[in-house]
Amino acid sequence: MPELPEVETMVRGIRPHADGREIVDVVRPRCTRRPIAIAPAFRTLRARMVGRTITAVERVAKRIVLKLSSGDVLAIEPRMTGLMLLSDPPSTEHLRLEWRLAGAGGERSIWFWDRRGLGTVRLYRDDEFATQLGGLVEADALTLTGDGWQRVCAATRRPIKVALLDQKLVAGIGNLYASEILHVAKISPMLPAAELSAAQVRRLHAATMAVLETAIHYEGSTLGDGTYRNALNKEGGYQNEHRVYAKSGNACARCRRGVIVRIVQAQRSTFYCPRCQK
Ligand SMILES: [Zn+2]
């Protein structure tokens with residue numbers, strides 16, 4: 001957490017307030033918590049950003065990407081608890097970076113907030129961005145084609161649930177949405193990826209698009225810890241639509257006779273219905 005739908009929601013939240021605006025300052029608020037990873041060093045990052053215009057606000061897998069008029073590209077990875085905010089942070093002591101932006105309507109700010117401080121902020125030259133993050137762009141779960149999905153599944157004999165979390169194969173899906181997608185696709189999480197039939201791969205592709213696009217429509221999932229918020233510090237709504245995630249012991253909402261179970265795969269929880277995901 002956050003996964004693709006939450007990061008896409010952050011991108012859509014800040015884009016109208018950042019795209020086309022000039023960065024007049026980058027500020028690191030006083031923070032006594034574990035510092036987040038910033039590269040290059042803050043002073044250099046600030047020097048390369050101030051005076052530049054933001055020419056695009058995009059998402060690459062689970063990163064928020066700001067493209068600059070200089071050609072540099074800023075990638076912000078929220079990891080466990082990071083958020084991009086326009087205002088009203090959940091707490092002030094976890095504010096990590098502020099970008100002050102000028103443009104039509106006057107100055108405004110966007111913020112990176114991170115409670116646990118595991119998030120990263122990295123500024124790339126455009127050629128570095130292409131070599132280091134180009135693979136994630138190509139593997140993005142929302143743009144992977146049918147042929148791409150066939151290649152991904154053929155590439156490994158690991159269980160499909162574990163393969164879905166490998167960002168080098170398909171980028172943007174995390175533990176929550178992997179379980180939800182496999183339930184919609186009616187595929188067992190234990191099935192070796194390379195053993196999926198062509199029809200199952202097509203169902204996986206369609207289920208991925210449906211689950212991720214619906215979750216984006218609901219502005220992502222805010223779980224019990226309440227950490228994830230949109231850019232206006234409001235909860236998402238997709239947690240109310242979950243079918244299997246954290247629902248072990250509940251009846252399956254589709255077949256009504258199966259009971260959702262929790263298993264552990266590669267040290268992560270998987271939730272599924274043994275009756276309709278054989
Ligand atoms: Zn079921």
# chains A, B, ... in the order shown; residues from 1 in each chain; ligands from 1
call {"tool": "residues_around", "arguments": {"residues": "A:Arg158", "least_positions_apart": "2", "cutoff": "7 Å", "atoms": "only C-alpha atoms", "output": "list in words"}}
result
Thr156, Ile160, Val162, Ala163, Pro192 and Ala193 of chain A
call {"tool": "closest_atom_pairs", "arguments": {"of": "stretch 138-255 of chain A", "to": "stretch 111-125 of chain A", "cutoff": "12 Å", "atoms": "only C-alpha atoms", "output": "tab-separated table"}}
result
residue	atom	partner	partner_atom	distance
A:Asp225	CA	A:Arg115	CA	11.8
A:Gly226	CA	A:Arg115	CA	11.7
A:Thr227	CA	A:Arg115	CA	8.4
A:Tyr228	CA	A:Asp114	CA	10.2
A:Arg229	CA	A:Trp113	CA	10.6
A:Asn230	CA	A:Trp113	CA	11.6
A:Ala231	CA	A:Trp111	CA	9.1
A:Leu232	CA	A:Trp111	CA	11.0
A:Asn233	CA	A:Trp113	CA	10.8
call {"tool": "residues_near_ligand", "arguments": {"ligand": "ligand 1", "cutoff": "9 Å", "atoms": "only C-alpha atoms and all ligand atoms", "output": "compact mmCIF listing (two decimals) with C-alpha atoms, in the first residue's frame"}}
result
# COMPACT_ATOMS: atom_id res chain seq x y z
CA HIS A 183 -10.91 -13.74 -7.54
CA LYS A 186 -11.58 -17.16 -11.12
CA ALA A 251 -18.92 -16.45 2.53
CA CYS A 252 -17.78 -15.83 -1.05
CA ALA A 253 -19.96 -13.06 -2.52
CA ARG A 254 -19.97 -14.74 -5.94
CA CYS A 255 -20.64 -18.45 -5.35
CA ARG A 256 -22.14 -17.96 -1.84
CA ARG A 257 -21.15 -21.51 -0.86
CA GLY A 258 -17.39 -21.12 -0.68
CA VAL A 259 -15.66 -19.59 2.35
CA ILE A 260 -12.79 -17.15 1.83
CA TYR A 272 -9.22 -16.53 -2.14
CA CYS A 273 -12.31 -18.73 -2.54
CA PRO A 274 -11.26 -22.40 -2.89
CA ARG A 275 -14.62 -23.17 -4.49
CA CYS A 276 -14.54 -20.75 -7.44
CA GLN A 277 -10.74 -20.43 -7.76
call {"tool": "select_by_dssp", "arguments": {"residues": "stretch 56-98 of chain A", "states": "strand (DSSP E or B)", "output": "JSON, numbers by chain"}}
result
{"A": [56, 57, 58, 59, 60, 63, 64, 65, 66, 67, 68, 73, 74, 75, 76, 77, 82, 83, 84, 85, 95, 96, 97, 98]}
call {"tool": "write_last_selection", "arguments": {"atoms": "N, CA and C atoms", "output": "PDB file, in the first residue's frame"}}
result
ATOM      1  N   ALA A  56       4.487  17.915 -17.091  1.00  0.00           N
ATOM      2  CA  ALA A  56       3.553  16.778 -17.060  1.00  0.00           C
ATOM      3  C   ALA A  56       3.555  16.171 -15.666  1.00  0.00           C
ATOM      4  N   VAL A  57       2.405  15.671 -15.253  1.00  0.00           N
ATOM      5  CA  VAL A  57       2.270  14.939 -13.986  1.00  0.00           C
ATOM      6  C   VAL A  57       1.705  13.580 -14.355  1.00  0.00           C
ATOM      7  N   GLU A  58       2.497  12.524 -14.132  1.00  0.00           N
ATOM      8  CA  GLU A  58       2.109  11.200 -14.613  1.00  0.00           C
ATOM      9  C   GLU A  58       2.329  10.164 -13.523  1.00  0.00           C
ATOM     10  N   ARG A  59       1.854   8.944 -13.797  1.00  0.00           N
ATOM     11  CA  ARG A  59       2.093   7.806 -12.908  1.00  0.00           C
ATOM     12  C   ARG A  59       2.897   6.768 -13.663  1.00  0.00           C
ATOM     13  N   VAL A  60       3.920   6.242 -13.017  1.00  0.00           N
ATOM     14  CA  VAL A  60       4.642   5.087 -13.551  1.00  0.00           C
ATOM     15  C   VAL A  60       4.581   4.007 -12.483  1.00  0.00           C
ATOM     16  N   ARG A  63       4.728   4.949  -8.774  1.00  0.00           N
ATOM     17  CA  ARG A  63       5.434   6.216  -8.551  1.00  0.00           C
ATOM     18  C   ARG A  63       4.659   7.376  -9.157  1.00  0.00           C
ATOM     19  N   ILE A  64       4.744   8.537  -8.497  1.00  0.00           N
ATOM     20  CA  ILE A  64       4.229   9.795  -9.040  1.00  0.00           C
ATOM     21  C   ILE A  64       5.402  10.455  -9.756  1.00  0.00           C
ATOM     22  N   VAL A  65       5.184  10.890 -10.994  1.00  0.00           N
ATOM     23  CA  VAL A  65       6.280  11.412 -11.804  1.00  0.00           C
ATOM     24  C   VAL A  65       5.962  12.846 -12.237  1.00  0.00           C
ATOM     25  N   LEU A  66       6.898  13.770 -11.942  1.00  0.00           N
ATOM     26  CA  LEU A  66       6.775  15.147 -12.418  1.00  0.00           C
ATOM     27  C   LEU A  66       7.850  15.368 -13.469  1.00  0.00           C
ATOM     28  N   LYS A  67       7.437  15.717 -14.696  1.00  0.00           N
ATOM     29  CA  LYS A  67       8.414  16.035 -15.741  1.00  0.00           C
ATOM     30  C   LYS A  67       8.646  17.543 -15.743  1.00  0.00           C
ATOM     31  N   LEU A  68       9.911  17.933 -15.904  1.00  0.00           N
ATOM     32  CA  LEU A  68      10.285  19.339 -15.805  1.00  0.00           C
ATOM     33  C   LEU A  68      10.757  19.883 -17.146  1.00  0.00           C
ATOM     34  N   VAL A  73      13.372  14.549 -14.526  1.00  0.00           N
ATOM     35  CA  VAL A  73      12.123  13.883 -14.149  1.00  0.00           C
ATOM     36  C   VAL A  73      12.197  13.539 -12.666  1.00  0.00           C
ATOM     37  N   LEU A  74      11.217  13.991 -11.902  1.00  0.00           N
ATOM     38  CA  LEU A  74      11.162  13.668 -10.471  1.00  0.00           C
ATOM     39  C   LEU A  74      10.225  12.486 -10.276  1.00  0.00           C
ATOM     40  N   ALA A  75      10.705  11.439  -9.585  1.00  0.00           N
ATOM     41  CA  ALA A  75       9.861  10.277  -9.292  1.00  0.00           C
ATOM     42  C   ALA A  75       9.732  10.145  -7.784  1.00  0.00           C
ATOM     43  N   ILE A  76       8.488  10.130  -7.315  1.00  0.00           N
ATOM     44  CA  ILE A  76       8.195  10.019  -5.887  1.00  0.00           C
ATOM     45  C   ILE A  76       7.536   8.662  -5.670  1.00  0.00           C
ATOM     46  N   GLU A  77       8.164   7.830  -4.827  1.00  0.00           N
ATOM     47  CA  GLU A  77       7.614   6.499  -4.550  1.00  0.00           C
ATOM     48  C   GLU A  77       7.079   6.484  -3.120  1.00  0.00           C
ATOM     49  N   GLY A  82       3.429   6.811   2.206  1.00  0.00           N
ATOM     50  CA  GLY A  82       3.585   8.136   1.624  1.00  0.00           C
ATOM     51  C   GLY A  82       2.322   8.628   0.948  1.00  0.00           C
ATOM     52  N   LEU A  83       2.128   9.953   0.965  1.00  0.00           N
ATOM     53  CA  LEU A  83       0.972  10.588   0.321  1.00  0.00           C
ATOM     54  C   LEU A  83       1.414  11.858  -0.380  1.00  0.00           C
ATOM     55  N   MET A  84       0.777  12.191  -1.502  1.00  0.00           N
ATOM     56  CA  MET A  84       0.923  13.504  -2.119  1.00  0.00           C
ATOM     57  C   MET A  84      -0.333  14.290  -1.787  1.00  0.00           C
ATOM     58  N   LEU A  85      -0.134  15.482  -1.260  1.00  0.00           N
ATOM     59  CA  LEU A  85      -1.259  16.261  -0.735  1.00  0.00           C
ATOM     60  C   LEU A  85      -1.245  17.683  -1.275  1.00  0.00           C
ATOM     61  N   LEU A  95       5.344  15.766   7.509  1.00  0.00           N
ATOM     62  CA  LEU A  95       5.523  16.420   6.203  1.00  0.00           C
ATOM     63  C   LEU A  95       7.000  16.354   5.842  1.00  0.00           C
ATOM     64  N   ARG A  96       7.289  15.908   4.628  1.00  0.00           N
ATOM     65  CA  ARG A  96       8.686  15.662   4.254  1.00  0.00           C
ATOM     66  C   ARG A  96       9.233  16.673   3.260  1.00  0.00           C
ATOM     67  N   LEU A  97       8.420  17.048   2.268  1.00  0.00           N
ATOM     68  CA  LEU A  97       8.878  18.002   1.249  1.00  0.00           C
ATOM     69  C   LEU A  97       7.696  18.839   0.803  1.00  0.00           C
ATOM     70  N   GLU A  98       8.006  20.095   0.455  1.00  0.00           N
ATOM     71  CA  GLU A  98       6.990  20.999  -0.087  1.00  0.00           C
ATOM     72  C   GLU A  98       7.534  21.607  -1.371  1.00  0.00           C
TER      73      GLU A  98
END
call {"tool": "closest_residue", "arguments": {"among": "A:Thr55, A:Thr44, A:Gln239, A:Ser91", "to": "A:Ser221", "atoms": "only C-alpha atoms"}}
result
A:Gln239
call {"tool": "residues_around", "arguments": {"residues": "A:Arg202", "least_positions_apart": "2", "cutoff": "9 Å", "atoms": "only C-alpha atoms", "output": "ChimeraX atom specification"}}
result
/A:146,149-150,185,197-200,204-207
call {"tool": "write_last_selection", "arguments": {"atoms": "N, CA and C atoms", "output": "short mmCIF file (atom, residue, chain, number, x, y, z; two decimals), in the first residue's frame"}}
result
data_model
loop_
_atom_site.label_atom_id
_atom_site.label_comp_id
_atom_site.auth_asym_id
_atom_site.auth_seq_id
_atom_site.Cartn_x
_atom_site.Cartn_y
_atom_site.Cartn_z
N GLY A 146 -2.52 -7.73 -24.38
CA GLY A 146 -2.80 -9.17 -24.30
C GLY A 146 -1.55 -10.00 -24.57
N TRP A 149 0.70 -9.86 -21.56
CA TRP A 149 0.25 -10.77 -20.48
C TRP A 149 0.65 -12.21 -20.78
N GLN A 150 0.53 -12.61 -22.04
CA GLN A 150 0.94 -13.98 -22.40
C GLN A 150 2.43 -14.17 -22.11
N ALA A 185 -10.98 -13.06 -11.76
CA ALA A 185 -10.60 -13.89 -12.90
C ALA A 185 -10.89 -15.37 -12.69
N SER A 197 -3.92 -21.25 -18.97
CA SER A 197 -4.33 -21.42 -20.37
C SER A 197 -4.46 -20.05 -21.02
N ALA A 198 -4.54 -20.03 -22.35
CA ALA A 198 -4.71 -18.76 -23.06
C ALA A 198 -5.99 -18.06 -22.59
N ALA A 199 -7.04 -18.85 -22.34
CA ALA A 199 -8.30 -18.25 -21.88
C ALA A 199 -8.14 -17.65 -20.48
N GLN A 200 -7.38 -18.34 -19.61
CA GLN A 200 -7.16 -17.80 -18.27
C GLN A 200 -6.33 -16.51 -18.31
N LEU A 204 -7.38 -12.96 -16.85
CA LEU A 204 -6.51 -12.23 -15.92
C LEU A 204 -6.32 -10.78 -16.41
N HIS A 205 -6.08 -10.62 -17.69
CA HIS A 205 -5.92 -9.29 -18.28
C HIS A 205 -7.20 -8.46 -18.07
N ALA A 206 -8.34 -9.06 -18.40
CA ALA A 206 -9.62 -8.34 -18.28
C ALA A 206 -9.91 -8.00 -16.81
N ALA A 207 -9.64 -8.96 -15.90
CA ALA A 207 -9.91 -8.73 -14.48
C ALA A 207 -9.01 -7.63 -13.92
#
call {"tool": "atom_distance", "arguments": {"atom1": "atom CA of A:Ala155", "atom2": "atom CA of A:Asn175"}}
result
20.0 Å
call {"tool": "residues_around", "arguments": {"residues": "A:Ala104", "least_positions_apart": "2", "cutoff": "12 Å", "atoms": "only C-alpha atoms", "output": "list of chain:residue names"}}
result
A:Pro16, A:His17, A:Ala18, A:Asp19, A:Gly20, A:Arg21, A:Glu22, A:Leu101, A:Ala102, A:Gly106, A:Glu107, A:Arg108
call {"tool": "closest_residue", "arguments": {"among": "A:Arg33, A:Leu182, A:Leu144, A:Lys234", "to": "A:Arg203", "atoms": "only C-alpha atoms"}}
result
A:Leu182
call {"tool": "residues_around", "arguments": {"residues": "A:Asp25", "least_positions_apart": "4", "cutoff": "7 Å", "atoms": "only C-alpha atoms", "output": "PyMOL selection string"}}
result
chain A and resi 50+99-100
call {"tool": "write_last_selection", "arguments": {"atoms": "C-alpha atoms", "output": "mmCIF file, in the first residue's frame"}}
result
data_model
loop_
_atom_site.group_PDB
_atom_site.id
_atom_site.type_symbol
_atom_site.label_atom_id
_atom_site.label_comp_id
_atom_site.auth_asym_id
_atom_site.auth_seq_id
_atom_site.Cartn_x
_atom_site.Cartn_y
_atom_site.Cartn_z
ATOM 1 C CA VAL A 50 13.706 25.812 -8.689
ATOM 2 C CA TRP A 99 7.052 22.288 -3.650
ATOM 3 C CA ARG A 100 5.904 25.920 -3.913
#
call {"tool": "residues_around", "arguments": {"residues": "A:Glu3", "least_positions_apart": "4", "cutoff": "7 Å", "atoms": "only C-alpha atoms", "output": "VMD selection string"}}
result
chain A and resid 7 62 172 to 174
call {"tool": "atom_distance", "arguments": {"atom1": "atom CA of A:Ala141", "atom2": "atom CA of A:Ser69"}}
result
27.7 Å
call {"tool": "select_by_dssp", "arguments": {"residues": "stretch 179-231 of chain A", "states": "helix (DSSP H, G or I)", "output": "PyMOL selection string"}}
result
chain A and resi 179-185+193-195+198-217
